[in-house]
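Only one structure is covered here, and it is reproduced in the block below.
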Amino acid sequence: MTSILTCAFRNLPVTSTWATKFSLRPLSYASQPLSTAVQIQSKKTLTKPNVKNVVVVDGVRIPFLLSGTSYKDLMPHDLARAALKGLLHRTSIPKDSVDYIVYGTVIQEVKTSNVAREAALGAGFSDKIPSHTVTMACISSNQAMTTGFGLIASGQYDVVVAGGVELMSDVPIRHSRKMRKLMLELNKAKSLGQRLSLASKFRLNFLAPELPAVAEFSTSETMGHSADRLAAAFAVSRTEQDEYALRSHTLAKQAQDQGLLTDVISFKVPGKDTVSKDNGIRPSSMEQMAKLKPAFIKPYGTVTAANSSFLTDGASAMLIMSEEKALALGYKPKAYLRDFVYVSQDPKDQLLLGQILANFKAMDSDWFAQNYMGRKSKVGAPPLEKFNTWGGSLSLGHPFGATGCRLVMAAANRLRKGGGQYGLVAACAAGGQGHAMIVEAYPK
């Protein structure tokens, strides 16, 4: 696989060697979604004949926080509810105008398995609005968005709210299987003798808890180990990874200070202070980052806590409509949602290649490549200055189920700010999967 990708990149027309190397660089991070605003001279549109246009009216997210901080005493539906309320306030959409709600999440809270429904009811939406929850690892809210896209494009609905949530501060920890089995059997016992007989089978090792898996089920390998292997395969050095991480934090801090992260809304945490900004943005120095030891493959690995994204709590929400409905309601959309693609490959050797392969497919589709990129062959990698210029998941945080919506809103807002026309968002996910989507700026 390494040789195939290397050959593919060598055959691409690129703007610089550095740009080509960077297009491979996210492989060395366990969860590094991409967001790039690609400005193209042509002002043609990706509108397709006889296909309904789907638009993003607006989107919001509560601040993404380090797990174990201000959100640690809440539940996932509390975060999702806050994002939904923020979206209602931002857009002033009448609650009964929404046709459907779909949310993404990864580690589910057992009490609220359909977190979309619980959050929607808590946010005051009508109990007549259907809601469901999807899970696709780190591209769960991407799946929520594209599910909404499909519902609108098919003519089934006109107004969909899509979003995602993740709360890593309180993940479910189960009793061991032996303990669970014993407890279930005790619950069924009808006599004291049966209960005593079952109790005699108890052993202290039954109390060992089962923690949520941090490894691929099919391979037993963590993303960090996979990232280290791929970094070595693609010759991405520790220094280069640290440089990119420092760039991410520096750019995120600049964007935060300049008020560019307009999708972030304030959230009054019950019983605590109001949070109004992401708290994981921490520009450091190459010297400080170099002091950290490898986190996974020791002592020779290159992936560290400083050049990886941190465990994050957060939630996001987006209002998606058919263009006709948005205009009829008096909205000025921010962007069109255009072509998207999902890919899947070997979760052992290709675990973190999802966004790269998805990028190729999204940009190399006949429609996009022939009509708007000027060729049907591979389209090449944009220069580094177009990637994550407002920071990325390394610095802003990566709540697994919520990041996809952040990526799309970052692309939409960057296009409006910079006058670009097309943006590309992409992310990899556990199981060797990936997603990419083309976002087009709505005409001003």
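Lettering and numbering for the structure tokens are positional, with chains as A, B, ... in the shown order, residues counted from 1 in each chain, and ligands counted from 1 in the shown order.
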
- For A:Arg81: contacts at 7 Å, only C-alpha atoms, fewer than 6 positions along chain excluded, given as a list of chain:residue names: A:Ala119, A:Ala120, A:Gly122, A:Ala123

- Task: Extract the full set of alpha helix (DSSP H) residues from stretch 204-303 of chain A according to DSSP on the backbone, and format it as a count of residues only.
- Result: 36

- Query: What is the atom CA of A:Val264-atom CA of A:His398 distance in Å, reported with one decimal?
  - Reply: 14.2 Å

- Determine, counting only C-alpha atoms, which protein, DNA and RNA residues have an atom within 6 Å of an atom of A:Ala358; residues of the same chain fewer than 5 positions away are not included. Present the result as a VMD selection string. chain A and resid 343 435 to 436

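If you look at atom CA of A:Phe400 and atom CA of A:Met289, they are 24.4 Å away from each other.
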
- Query: Any idea what's packed within 12 Å of A:Asp78, counting only C-alpha atoms, ignoring anything in its chain fewer than 4 positions away? Could you give it as a ChimeraX atom specification?
  - Reply: /A:62,71-74,82-85,109,112,115-123,165-167,267-270,313-316

- Tell me which protein, DNA and RNA residues are within 9 Å of A:Ala232, counting only C-alpha atoms, leaving out same-chain ones fewer than 3 positions away, and put them as a PyMOL selection string. chain A and resi 28+227-229+235-237+301-302

- Got a sec: who's within 8 Å of A:Ser226, counting only C-alpha atoms, leaving out chain neighbours fewer than 4 positions off, as a PyMOL selection string? chain A and resi 30+221-222+230+348-349+351-352

- Name all residues at most 8 Å from A:Gly148 (count only C-alpha atoms; drop same-chain ones fewer than 3 positions away) and give them as a PyMOL selection string. chain A and resi 100+102+144-145+151-152+160-162+320

- Task: Work out how far atom CA of A:Thr219 is from atom CA of A:Cys405, in Å to one decimal.
- Result: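 That distance, rounded to one decimal, is 28.9 Å.
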
- Query: Counting only C-alpha atoms, which of A:Ser308, A:Thr105, A:Thr45, A:Ser191 gets nearest to A:Ile139?
  - Reply: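 Selected residue with least distance to A:Ile139: A:Thr105.
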
Against stretch 280-283 of chain A, which residues of stretch 41-147 of chain A fall within 9 Å? For each one I want the closest pair of atoms and the distance in Å (one decimal), counting only C-alpha atoms, rows by chain and increasing residue number, as a Markdown table.
```
| residue | atom | partner | partner_atom | distance |
| --- | --- | --- | --- | --- |
| A:Phe64 | CA | A:Gly280 | CA | 7.7 |
| A:Leu65 | CA | A:Gly280 | CA | 6.3 |
| A:Leu66 | CA | A:Gly280 | CA | 5.9 |
```

Same residues, N, CA, C and O atoms, saved as a short mmCIF file (atom, residue, chain, number, x, y, z; two decimals), in the first residue's frame:
```
data_model
loop_
_atom_site.label_atom_id
_atom_site.label_comp_id
_atom_site.auth_asym_id
_atom_site.auth_seq_id
_atom_site.Cartn_x
_atom_site.Cartn_y
_atom_site.Cartn_z
N PHE A 64 -15.12 23.13 22.57
CA PHE A 64 -14.50 21.81 22.72
C PHE A 64 -13.52 21.90 23.88
O PHE A 64 -12.58 22.71 23.86
N LEU A 65 -13.70 21.04 24.88
CA LEU A 65 -12.89 21.10 26.08
C LEU A 65 -12.13 19.80 26.32
O LEU A 65 -12.58 18.71 25.94
N LEU A 66 -10.97 19.93 26.95
CA LEU A 66 -10.23 18.77 27.41
C LEU A 66 -11.13 17.93 28.31
O LEU A 66 -11.83 18.46 29.19
#
```

So which bits of stretch 229-331 of chain A end up strand (DSSP E) when you DSSP the backbone, as a PDB file with all heavy atoms, in the first residue's frame?
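See out-v5.pdb below for the written result:
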```
ATOM      1  N   PHE A 267     -21.631  28.485  26.619  1.00  0.00           N
ATOM      2  CA  PHE A 267     -22.464  27.470  27.280  1.00  0.00           C
ATOM      3  C   PHE A 267     -22.321  27.630  28.780  1.00  0.00           C
ATOM      4  O   PHE A 267     -21.236  27.508  29.336  1.00  0.00           O
ATOM      5  CB  PHE A 267     -22.036  26.074  26.831  1.00  0.00           C
ATOM      6  CG  PHE A 267     -22.710  24.939  27.546  1.00  0.00           C
ATOM      7  CD1 PHE A 267     -24.017  25.041  28.008  1.00  0.00           C
ATOM      8  CD2 PHE A 267     -22.029  23.741  27.767  1.00  0.00           C
ATOM      9  CE1 PHE A 267     -24.635  23.993  28.658  1.00  0.00           C
ATOM     10  CE2 PHE A 267     -22.630  22.678  28.417  1.00  0.00           C
ATOM     11  CZ  PHE A 267     -23.942  22.804  28.865  1.00  0.00           C
ATOM     12  N   LYS A 268     -23.443  27.914  29.441  1.00  0.00           N
ATOM     13  CA  LYS A 268     -23.458  27.999  30.909  1.00  0.00           C
ATOM     14  C   LYS A 268     -23.559  26.586  31.471  1.00  0.00           C
ATOM     15  O   LYS A 268     -24.597  25.937  31.404  1.00  0.00           O
ATOM     16  CB  LYS A 268     -24.650  28.840  31.384  1.00  0.00           C
ATOM     17  CG  LYS A 268     -24.823  28.881  32.904  1.00  0.00           C
ATOM     18  CD  LYS A 268     -23.626  29.540  33.590  1.00  0.00           C
ATOM     19  CE  LYS A 268     -23.885  29.734  35.087  1.00  0.00           C
ATOM     20  NZ  LYS A 268     -23.897  28.433  35.824  1.00  0.00           N
ATOM     21  N   THR A 274     -19.696  29.934  32.908  1.00  0.00           N
ATOM     22  CA  THR A 274     -19.941  29.864  31.475  1.00  0.00           C
ATOM     23  C   THR A 274     -18.626  29.635  30.742  1.00  0.00           C
ATOM     24  O   THR A 274     -17.623  30.292  31.038  1.00  0.00           O
ATOM     25  CB  THR A 274     -20.596  31.167  30.972  1.00  0.00           C
ATOM     26  OG1 THR A 274     -21.868  31.328  31.619  1.00  0.00           O
ATOM     27  CG2 THR A 274     -20.787  31.139  29.463  1.00  0.00           C
ATOM     28  N   VAL A 275     -18.619  28.701  29.817  1.00  0.00           N
ATOM     29  CA  VAL A 275     -17.437  28.486  28.976  1.00  0.00           C
ATOM     30  C   VAL A 275     -17.722  29.092  27.608  1.00  0.00           C
ATOM     31  O   VAL A 275     -18.815  28.955  27.071  1.00  0.00           O
ATOM     32  CB  VAL A 275     -17.084  26.992  28.852  1.00  0.00           C
ATOM     33  CG1 VAL A 275     -16.612  26.448  30.183  1.00  0.00           C
ATOM     34  CG2 VAL A 275     -18.258  26.177  28.341  1.00  0.00           C
ATOM     35  N   THR A 312     -11.372  14.710  24.103  1.00  0.00           N
ATOM     36  CA  THR A 312     -12.155  15.951  24.056  1.00  0.00           C
ATOM     37  C   THR A 312     -13.630  15.699  24.312  1.00  0.00           C
ATOM     38  O   THR A 312     -14.194  14.696  23.870  1.00  0.00           O
ATOM     39  CB  THR A 312     -12.006  16.612  22.674  1.00  0.00           C
ATOM     40  OG1 THR A 312     -10.634  16.589  22.273  1.00  0.00           O
ATOM     41  CG2 THR A 312     -12.495  18.046  22.695  1.00  0.00           C
ATOM     42  N   ASP A 313     -14.261  16.643  25.010  1.00  0.00           N
ATOM     43  CA  ASP A 313     -15.715  16.674  25.174  1.00  0.00           C
ATOM     44  C   ASP A 313     -16.275  17.799  24.303  1.00  0.00           C
ATOM     45  O   ASP A 313     -15.688  18.893  24.250  1.00  0.00           O
ATOM     46  CB  ASP A 313     -16.113  16.959  26.623  1.00  0.00           C
ATOM     47  CG  ASP A 313     -15.570  15.929  27.602  1.00  0.00           C
ATOM     48  OD1 ASP A 313     -15.358  14.775  27.177  1.00  0.00           O
ATOM     49  OD2 ASP A 313     -15.387  16.279  28.783  1.00  0.00           O
ATOM     50  N   GLY A 314     -17.409  17.555  23.657  1.00  0.00           N
ATOM     51  CA  GLY A 314     -18.005  18.621  22.857  1.00  0.00           C
ATOM     52  C   GLY A 314     -19.212  18.154  22.076  1.00  0.00           C
ATOM     53  O   GLY A 314     -19.511  16.960  22.006  1.00  0.00           O
ATOM     54  N   ALA A 315     -19.911  19.109  21.483  1.00  0.00           N
ATOM     55  CA  ALA A 315     -21.090  18.811  20.666  1.00  0.00           C
ATOM     56  C   ALA A 315     -21.253  19.889  19.609  1.00  0.00           C
ATOM     57  O   ALA A 315     -20.824  21.038  19.789  1.00  0.00           O
ATOM     58  CB  ALA A 315     -22.348  18.729  21.532  1.00  0.00           C
ATOM     59  N   SER A 316     -21.869  19.502  18.496  1.00  0.00           N
ATOM     60  CA  SER A 316     -22.082  20.429  17.381  1.00  0.00           C
ATOM     61  C   SER A 316     -23.466  20.208  16.802  1.00  0.00           C
ATOM     62  O   SER A 316     -24.101  19.173  17.034  1.00  0.00           O
ATOM     63  CB  SER A 316     -21.019  20.212  16.289  1.00  0.00           C
ATOM     64  OG  SER A 316     -21.034  18.856  15.858  1.00  0.00           O
ATOM     65  N   ALA A 317     -23.945  21.188  16.031  1.00  0.00           N
ATOM     66  CA  ALA A 317     -25.258  21.074  15.385  1.00  0.00           C
ATOM     67  C   ALA A 317     -25.284  21.972  14.159  1.00  0.00           C
ATOM     68  O   ALA A 317     -24.711  23.065  14.162  1.00  0.00           O
ATOM     69  CB  ALA A 317     -26.376  21.464  16.348  1.00  0.00           C
ATOM     70  N   MET A 318     -25.946  21.498  13.092  1.00  0.00           N
ATOM     71  CA  MET A 318     -26.057  22.250  11.835  1.00  0.00           C
ATOM     72  C   MET A 318     -27.491  22.207  11.336  1.00  0.00           C
ATOM     73  O   MET A 318     -28.191  21.213  11.500  1.00  0.00           O
ATOM     74  CB  MET A 318     -25.162  21.633  10.751  1.00  0.00           C
ATOM     75  CG  MET A 318     -23.693  21.850  10.934  1.00  0.00           C
ATOM     76  SD  MET A 318     -22.744  20.916   9.695  1.00  0.00           S
ATOM     77  CE  MET A 318     -23.574  21.386   8.197  1.00  0.00           C
ATOM     78  N   LEU A 319     -27.906  23.307  10.714  1.00  0.00           N
ATOM     79  CA  LEU A 319     -29.224  23.384  10.086  1.00  0.00           C
ATOM     80  C   LEU A 319     -29.049  23.236   8.584  1.00  0.00           C
ATOM     81  O   LEU A 319     -28.400  24.054   7.939  1.00  0.00           O
ATOM     82  CB  LEU A 319     -29.890  24.721  10.408  1.00  0.00           C
ATOM     83  CG  LEU A 319     -31.302  24.937   9.850  1.00  0.00           C
ATOM     84  CD1 LEU A 319     -32.264  23.877  10.356  1.00  0.00           C
ATOM     85  CD2 LEU A 319     -31.803  26.342  10.207  1.00  0.00           C
ATOM     86  N   ILE A 320     -29.590  22.153   8.036  1.00  0.00           N
ATOM     87  CA  ILE A 320     -29.466  21.830   6.622  1.00  0.00           C
ATOM     88  C   ILE A 320     -30.840  21.883   5.979  1.00  0.00           C
ATOM     89  O   ILE A 320     -31.818  21.384   6.546  1.00  0.00           O
ATOM     90  CB  ILE A 320     -28.859  20.417   6.441  1.00  0.00           C
ATOM     91  CG1 ILE A 320     -27.551  20.282   7.223  1.00  0.00           C
ATOM     92  CG2 ILE A 320     -28.624  20.105   4.975  1.00  0.00           C
ATOM     93  CD1 ILE A 320     -27.012  18.867   7.256  1.00  0.00           C
ATOM     94  N   MET A 321     -30.921  22.486   4.799  1.00  0.00           N
ATOM     95  CA  MET A 321     -32.207  22.617   4.114  1.00  0.00           C
ATOM     96  C   MET A 321     -32.046  22.431   2.616  1.00  0.00           C
ATOM     97  O   MET A 321     -30.940  22.519   2.082  1.00  0.00           O
ATOM     98  CB  MET A 321     -32.811  24.014   4.345  1.00  0.00           C
ATOM     99  CG  MET A 321     -33.214  24.358   5.747  1.00  0.00           C
ATOM    100  SD  MET A 321     -34.070  25.956   5.763  1.00  0.00           S
ATOM    101  CE  MET A 321     -34.253  26.209   7.527  1.00  0.00           C
ATOM    102  N   SER A 322     -33.173  22.216   1.964  1.00  0.00           N
ATOM    103  CA  SER A 322     -33.185  22.382   0.516  1.00  0.00           C
ATOM    104  C   SER A 322     -33.051  23.870   0.244  1.00  0.00           C
ATOM    105  O   SER A 322     -33.503  24.708   1.045  1.00  0.00           O
ATOM    106  CB  SER A 322     -34.490  21.849  -0.083  1.00  0.00           C
ATOM    107  OG  SER A 322     -35.598  22.605   0.374  1.00  0.00           O
TER     108      SER A 322
END
```
